[in-house]
Amino acid sequence: MDTSNWDWEKGVKVISKINDCDAETEWLTEPYASPDGERVAVLAKTEEGFDVCVNGKAWGQAFDNAWYPRFSPDGRLTCVVSTDMEWTLAVDGELWPETYGYIWNTLFSEKGDVIAAAIQQDGRYGMVLNGEQVGELYETASEFTLSADGKRTATVGQVKSMDAADIFTYQQGCYSVAVDGQAWDIKVVNAWTPTFSADGSRVAAQMRSSLYDYSIIVDGKPWSKIFPMVWDPCFNPKTGSVVAPVRMAGKWGLAENEQVIWDPVYFQLWEQKYSPDGDNLYAICAPQYGRWTIVHNNNTWTILVNTMLADLTVSPDGQRAAAAAKEKDKWTIMADDALWPQWYDMVWTPVFSPDSKHIAAKVEKPGKRRTIAIDGKHYKEDFTHCWEPVFSPDSQKVLIRAVQGGKFKRIVAKVNEF
């Protein structure tokens, strides 16, 4: 997401009152903010149907239904809408030309120039890319995925028919991964989480070849080794190798191209992520039963939490990692083998600054008061609602998108104000 052309002048800008709409409305939904904070949208129920209001101005449409409003990284507003029992996607008020039995799960490319979605048409399932169907449709489909550049799609599709409760056909393998709408030749009992390489040229996924055997399949070819269980694979952005957590003899380790590179010594291991240069690999692990931390290149941090660790994030330079940590009913951020001193009712995914020196996160204080915290210190004001923070390109400022006193505000604050 390119933020270089955003307004980074320090200060507060009131964009709109969230209950304002220049159409007669019966009720409004919760607000949705654009990435740059310049627009806020709400769905509006009118006497004629459903409409969308952006910065208080209605699209002027009358849909039978509307839901799932989402802004693309380039700032376009999308919304799933229906008219006369047919569904399509509206983009800044313009409808895709084709309609479907149903459409959902809007996806965006990294830049936002490509929009994809899952569709159902005449009882068959697949994907569309910028309003055009991609390849074939399948009896069932799930795990819809879009490559970072938006050029390719992947999904798990049912490629062999079976009757209800036909366990014998099911165990022979009825599913495969469809890339760009074309299924791989291999049929498996189950497949999950198709994952693209950074350049979008390759795909890996979890697979179950029998009721008891799991492995990883890459570009249609399964690993020769099987395991009692596996988790999501990912690609090394430098070498192109595939790594995945694997379970062996009751413990979890990490395999690379089917060879175990981290011994199975963990009670749990998942959410592995490479640094952009591929030299550093982090993951969430449980070195003790019910105790969680981060492992870096197979070296486990010393700090532990006893309830939950999630949303692992790696810094742009690859030298740091952070995650949302939970102890009993309170949350904080784990980073650099330490915990932030302040605990909250909730924290969201940590965000690193471009220079990797700062970490920000959306947090919730008691009384459902939300704000932004940076490096363990939260902003001076609280909000009824706010969105994840965005750092300026020079890492000196942060964008806060928030609702305060019924008004949607765009706040640019200096990092040293926290």
# chains A, B, ... in the order shown; residues from 1 in each chain; ligands from 1

$ residues_around --residues "region 330-347 of chain A" --least-positions-apart "2" --cutoff "9 Å" --atoms "only C-alpha atoms" --output "PDB file with N, CA and C atoms, in the first residue's frame"
ATOM      1  N   THR A 293       5.368 -18.527  23.377  1.00  0.00           N
ATOM      2  CA  THR A 293       6.372 -17.511  23.094  1.00  0.00           C
ATOM      3  C   THR A 293       6.657 -17.510  21.589  1.00  0.00           C
ATOM      4  N   ILE A 294       7.717 -16.816  21.194  1.00  0.00           N
ATOM      5  CA  ILE A 294       8.118 -16.730  19.788  1.00  0.00           C
ATOM      6  C   ILE A 294       9.457 -17.426  19.622  1.00  0.00           C
ATOM      7  N   TRP A 301      12.473 -17.625  22.443  1.00  0.00           N
ATOM      8  CA  TRP A 301      12.550 -16.521  23.397  1.00  0.00           C
ATOM      9  C   TRP A 301      12.320 -17.056  24.807  1.00  0.00           C
ATOM     10  N   THR A 302      12.738 -16.265  25.791  1.00  0.00           N
ATOM     11  CA  THR A 302      12.602 -16.699  27.186  1.00  0.00           C
ATOM     12  C   THR A 302      11.278 -16.295  27.808  1.00  0.00           C
ATOM     13  N   ILE A 303      10.697 -15.172  27.340  1.00  0.00           N
ATOM     14  CA  ILE A 303       9.435 -14.693  27.913  1.00  0.00           C
ATOM     15  C   ILE A 303       8.301 -15.630  27.506  1.00  0.00           C
ATOM     16  N   LEU A 304       7.387 -15.914  28.440  1.00  0.00           N
ATOM     17  CA  LEU A 304       6.284 -16.829  28.176  1.00  0.00           C
ATOM     18  C   LEU A 304       4.974 -16.217  28.650  1.00  0.00           C
ATOM     19  N   LEU A 309      -1.122 -16.495  22.202  1.00  0.00           N
ATOM     20  CA  LEU A 309      -0.242 -15.629  21.426  1.00  0.00           C
ATOM     21  C   LEU A 309      -0.717 -15.710  19.983  1.00  0.00           C
ATOM     22  N   ARG A 320      13.246  -7.905  14.002  1.00  0.00           N
ATOM     23  CA  ARG A 320      12.330  -7.837  15.126  1.00  0.00           C
ATOM     24  C   ARG A 320      11.033  -8.582  14.787  1.00  0.00           C
ATOM     25  N   ALA A 321      10.330  -8.980  15.840  1.00  0.00           N
ATOM     26  CA  ALA A 321       9.013  -9.607  15.674  1.00  0.00           C
ATOM     27  C   ALA A 321       8.144  -9.208  16.849  1.00  0.00           C
ATOM     28  N   ALA A 322       6.843  -9.251  16.641  1.00  0.00           N
ATOM     29  CA  ALA A 322       5.890  -8.895  17.690  1.00  0.00           C
ATOM     30  C   ALA A 322       4.614  -9.698  17.490  1.00  0.00           C
ATOM     31  N   ALA A 323       3.849  -9.847  18.577  1.00  0.00           N
ATOM     32  CA  ALA A 323       2.583 -10.578  18.508  1.00  0.00           C
ATOM     33  C   ALA A 323       1.677 -10.105  19.636  1.00  0.00           C
ATOM     34  N   ALA A 324       0.385 -10.369  19.488  1.00  0.00           N
ATOM     35  CA  ALA A 324      -0.592 -10.067  20.536  1.00  0.00           C
ATOM     36  C   ALA A 324      -0.549 -11.178  21.578  1.00  0.00           C
ATOM     37  N   ALA A 325      -0.346 -10.800  22.846  1.00  0.00           N
ATOM     38  CA  ALA A 325      -0.171 -11.779  23.921  1.00  0.00           C
ATOM     39  C   ALA A 325      -1.291 -11.649  24.947  1.00  0.00           C
ATOM     40  N   LYS A 326      -1.780 -12.789  25.432  1.00  0.00           N
ATOM     41  CA  LYS A 326      -2.867 -12.793  26.407  1.00  0.00           C
ATOM     42  C   LYS A 326      -2.460 -13.572  27.652  1.00  0.00           C
ATOM     43  N   GLU A 327      -2.709 -12.966  28.822  1.00  0.00           N
ATOM     44  CA  GLU A 327      -2.569 -13.621  30.117  1.00  0.00           C
ATOM     45  C   GLU A 327      -3.906 -13.536  30.830  1.00  0.00           C
ATOM     46  N   LYS A 328      -4.535 -14.675  31.044  1.00  0.00           N
ATOM     47  CA  LYS A 328      -5.869 -14.729  31.631  1.00  0.00           C
ATOM     48  C   LYS A 328      -6.834 -13.903  30.786  1.00  0.00           C
ATOM     49  N   THR A 349      -3.536  -6.589  15.881  1.00  0.00           N
ATOM     50  CA  THR A 349      -2.270  -6.954  15.247  1.00  0.00           C
ATOM     51  C   THR A 349      -1.251  -5.822  15.320  1.00  0.00           C
ATOM     52  N   PRO A 350      -0.036  -6.090  15.825  1.00  0.00           N
ATOM     53  CA  PRO A 350       0.987  -5.044  15.876  1.00  0.00           C
ATOM     54  C   PRO A 350       1.438  -4.623  14.477  1.00  0.00           C
ATOM     55  N   ILE A 359       6.735   0.105  17.090  1.00  0.00           N
ATOM     56  CA  ILE A 359       5.610  -0.811  16.966  1.00  0.00           C
ATOM     57  C   ILE A 359       4.365  -0.097  17.458  1.00  0.00           C
ATOM     58  N   ALA A 361      -0.095  -0.383  17.817  1.00  0.00           N
ATOM     59  CA  ALA A 361      -1.221  -1.321  17.846  1.00  0.00           C
ATOM     60  C   ALA A 361      -2.476  -0.600  18.300  1.00  0.00           C
ATOM     61  N   LYS A 362      -3.585  -1.017  17.765  1.00  0.00           N
ATOM     62  CA  LYS A 362      -4.890  -0.600  18.259  1.00  0.00           C
ATOM     63  C   LYS A 362      -5.151  -1.353  19.554  1.00  0.00           C
ATOM     64  N   VAL A 363      -5.616  -0.649  20.591  1.00  0.00           N
ATOM     65  CA  VAL A 363      -5.841  -1.282  21.896  1.00  0.00           C
ATOM     66  C   VAL A 363      -7.184  -0.844  22.454  1.00  0.00           C
ATOM     67  N   GLU A 364      -7.723  -1.676  23.359  1.00  0.00           N
ATOM     68  CA  GLU A 364      -8.976  -1.336  24.035  1.00  0.00           C
ATOM     69  C   GLU A 364      -8.744  -1.304  25.534  1.00  0.00           C
ATOM     70  N   LYS A 365      -9.080  -0.168  26.132  1.00  0.00           N
ATOM     71  CA  LYS A 365      -8.959   0.036  27.566  1.00  0.00           C
ATOM     72  C   LYS A 365     -10.289  -0.297  28.238  1.00  0.00           C
ATOM     73  N   PRO A 366     -10.336  -0.392  29.564  1.00  0.00           N
ATOM     74  CA  PRO A 366     -11.611  -0.661  30.245  1.00  0.00           C
ATOM     75  C   PRO A 366     -12.690   0.346  29.843  1.00  0.00           C
ATOM     76  N   GLY A 367     -13.935  -0.138  29.781  1.00  0.00           N
ATOM     77  CA  GLY A 367     -15.033   0.715  29.356  1.00  0.00           C
ATOM     78  C   GLY A 367     -15.160   0.816  27.849  1.00  0.00           C
ATOM     79  N   LYS A 368     -14.527  -0.135  27.147  1.00  0.00           N
ATOM     80  CA  LYS A 368     -14.561  -0.163  25.676  1.00  0.00           C
ATOM     81  C   LYS A 368     -14.012   1.129  25.065  1.00  0.00           C
ATOM     82  N   ASP A 375       4.995   1.546  21.066  1.00  0.00           N
ATOM     83  CA  ASP A 375       6.106   1.152  21.931  1.00  0.00           C
ATOM     84  C   ASP A 375       5.689   1.106  23.406  1.00  0.00           C
ATOM     85  N   GLY A 376       4.465   0.665  23.653  1.00  0.00           N
ATOM     86  CA  GLY A 376       3.989   0.468  25.017  1.00  0.00           C
ATOM     87  C   GLY A 376       3.352   1.678  25.661  1.00  0.00           C
ATOM     88  N   LYS A 377       3.254   2.800  24.937  1.00  0.00           N
ATOM     89  CA  LYS A 377       2.639   4.008  25.491  1.00  0.00           C
ATOM     90  C   LYS A 377       1.458   4.404  24.615  1.00  0.00           C
ATOM     91  N   HIS A 378       0.273   4.582  25.225  1.00  0.00           N
ATOM     92  CA  HIS A 378      -0.901   4.876  24.406  1.00  0.00           C
ATOM     93  C   HIS A 378      -1.116   6.377  24.240  1.00  0.00           C
TER      94      HIS A 378
END

$ select_by_dssp --residues "region 31-229 of chain A" --states "helix (DSSP H, G or I)" --output "list in words"
Ile167, Phe168, Thr169, Tyr170, Gln171 and Gln172 of chain A

$ write_last_selection --atoms "C-alpha atoms" --output "PDB file, in the first residue's frame"
ATOM      1  CA  ILE A 167     -17.833 -42.152   3.073  1.00  0.00           C
ATOM      2  CA  PHE A 168     -16.136 -44.579   0.676  1.00  0.00           C
ATOM      3  CA  THR A 169     -15.949 -42.157  -2.241  1.00  0.00           C
ATOM      4  CA  TYR A 170     -14.919 -39.420   0.175  1.00  0.00           C
ATOM      5  CA  GLN A 171     -11.976 -41.475   1.456  1.00  0.00           C
ATOM      6  CA  GLN A 172     -10.795 -42.057  -2.112  1.00  0.00           C
TER       7      GLN A 172
END

$ closest_residue --among "A:Ala183, A:Ala373, A:Leu281, A:Ile400" --to "Gly318 (chain A)" --atoms "only C-alpha atoms"
A:Leu281

$ atom_distance --atom1 "CA of Gln120 (chain A)" --atom2 "CA of Arg208 (chain A)"
25.4 Å

$ select_by_dssp --residues "region 180-392 of chain A" --states "strand (DSSP E)" --output "MDAnalysis selection string"
chainID A and resid 182:183 190:196 203:208 214:218 221:222 229:230 234:235 242:248 251:256 259:266 268:274 281:288 291:296 299:300 308:314 321:327 330:335 338:339 346:347 351:352 359:365 369:374 377:378 385:386 390:391

$ residues_around --residues "region 190-200 of chain A" --least-positions-apart "6" --cutoff "7 Å" --atoms "only C-alpha atoms" --output "NGL selection string"
:A and (143 or 145 or 147-148 or 152 or 154-156 or 175-176 or 206-208 or 232 or 234-235 or 237)

$ closest_residue --among "A:Leu43, A:Leu95, A:Val314, A:Val128" --to "Pro276 (chain A)" --atoms "only C-alpha atoms"
A:Val314

$ residues_around --residues "region 13-17 of chain A" --least-positions-apart "4" --cutoff "9 Å" --atoms "only C-alpha atoms" --output "ChimeraX atom specification"
/A:21,37-40,54-56,403,405-412

$ atom_distance --atom1 "CA of Ile18 (chain A)" --atom2 "CA of Val42 (chain A)"
7.6 Å

$ decode --residues "region 263-360 of chain A" --atoms "C-alpha atoms" --output "short mmCIF file (atom, residue, chain, number, x, y, z; two decimals), in the first residue's frame"
data_model
loop_
_atom_site.label_atom_id
_atom_site.label_comp_id
_atom_site.auth_asym_id
_atom_site.auth_seq_id
_atom_site.Cartn_x
_atom_site.Cartn_y
_atom_site.Cartn_z
CA ASP A 263 13.34 -30.90 15.69
CA PRO A 264 9.85 -31.80 16.99
CA VAL A 265 10.27 -30.47 20.53
CA TYR A 266 7.32 -28.06 20.73
CA PHE A 267 3.87 -28.71 22.15
CA GLN A 268 2.59 -26.42 19.37
CA LEU A 269 4.15 -24.52 16.45
CA TRP A 270 2.42 -22.31 13.89
CA GLU A 271 2.11 -18.91 12.17
CA GLN A 272 5.67 -19.10 10.83
CA LYS A 273 6.73 -15.99 8.90
CA TYR A 274 9.88 -15.08 7.00
CA SER A 275 11.54 -11.70 6.96
CA PRO A 276 11.31 -9.98 3.56
CA ASP A 277 14.89 -11.02 2.74
CA GLY A 278 14.24 -14.65 3.70
CA ASP A 279 17.10 -14.77 6.22
CA ASN A 280 14.99 -14.79 9.39
CA LEU A 281 12.16 -17.16 10.22
CA TYR A 282 9.86 -16.58 13.17
CA ALA A 283 6.96 -18.63 14.52
CA ILE A 284 4.63 -18.88 17.50
CA CYS A 285 5.46 -21.88 19.67
CA ALA A 286 4.60 -23.58 22.95
CA PRO A 287 7.89 -24.88 24.40
CA GLN A 288 5.93 -25.96 27.46
CA TYR A 289 2.36 -27.17 27.64
CA GLY A 290 0.05 -24.13 27.68
CA ARG A 291 2.96 -21.65 27.67
CA TRP A 292 3.53 -19.52 24.58
CA THR A 293 6.37 -17.51 23.09
CA ILE A 294 8.12 -16.73 19.79
CA VAL A 295 10.86 -18.79 18.21
CA HIS A 296 13.41 -17.11 15.91
CA ASN A 297 15.51 -19.31 13.61
CA ASN A 298 14.85 -22.21 16.00
CA ASN A 299 15.95 -20.19 19.05
CA THR A 300 13.12 -19.80 21.54
CA TRP A 301 12.55 -16.52 23.40
CA THR A 302 12.60 -16.70 27.19
CA ILE A 303 9.43 -14.69 27.91
CA LEU A 304 6.28 -16.83 28.18
CA VAL A 305 2.53 -16.17 28.42
CA ASN A 306 0.05 -18.76 29.62
CA THR A 307 -3.12 -18.13 27.63
CA MET A 308 -2.61 -17.12 24.01
CA LEU A 309 -0.24 -15.63 21.43
CA ALA A 310 -1.49 -14.55 18.00
CA ASP A 311 -1.03 -12.24 15.00
CA LEU A 312 2.73 -12.64 14.60
CA THR A 313 4.29 -9.74 12.69
CA VAL A 314 7.87 -9.39 11.41
CA SER A 315 9.62 -6.03 11.01
CA PRO A 316 10.64 -4.83 7.53
CA ASP A 317 14.34 -5.30 8.33
CA GLY A 318 13.67 -8.80 9.66
CA GLN A 319 15.44 -8.18 12.96
CA ARG A 320 12.33 -7.84 15.13
CA ALA A 321 9.01 -9.61 15.67
CA ALA A 322 5.89 -8.90 17.69
CA ALA A 323 2.58 -10.58 18.51
CA ALA A 324 -0.59 -10.07 20.54
CA ALA A 325 -0.17 -11.78 23.92
CA LYS A 326 -2.87 -12.79 26.41
CA GLU A 327 -2.57 -13.62 30.12
CA LYS A 328 -5.87 -14.73 31.63
CA ASP A 329 -8.31 -11.99 30.51
CA LYS A 330 -5.82 -9.22 29.65
CA TRP A 331 -3.79 -8.48 26.53
CA THR A 332 -0.54 -6.76 25.65
CA ILE A 333 2.15 -6.87 22.93
CA MET A 334 5.09 -9.26 23.04
CA ALA A 335 8.12 -7.87 21.20
CA ASP A 336 11.88 -8.42 21.33
CA ASP A 337 11.53 -11.11 24.02
CA ALA A 338 9.66 -8.76 26.35
CA LEU A 339 6.10 -7.63 27.12
CA TRP A 340 4.78 -4.10 26.98
CA PRO A 341 4.20 -2.87 30.56
CA GLN A 342 0.59 -1.82 29.94
CA TRP A 343 -2.16 -4.47 29.79
CA TYR A 344 -5.45 -3.94 27.95
CA ASP A 345 -8.86 -5.53 27.54
CA MET A 346 -7.88 -6.21 23.92
CA VAL A 347 -5.07 -5.55 21.46
CA TRP A 348 -5.00 -5.95 17.70
CA THR A 349 -2.27 -6.95 15.25
CA PRO A 350 0.99 -5.04 15.88
CA VAL A 351 2.26 -2.77 13.08
CA PHE A 352 5.95 -1.96 12.52
CA SER A 353 7.13 1.39 11.22
CA PRO A 354 8.94 1.33 7.85
CA ASP A 355 12.29 1.83 9.59
CA SER A 356 11.48 -1.07 11.98
CA LYS A 357 12.18 1.09 15.06
CA HIS A 358 8.59 1.46 16.33
CA ILE A 359 5.61 -0.81 16.97
CA ALA A 360 2.03 0.46 17.05
#
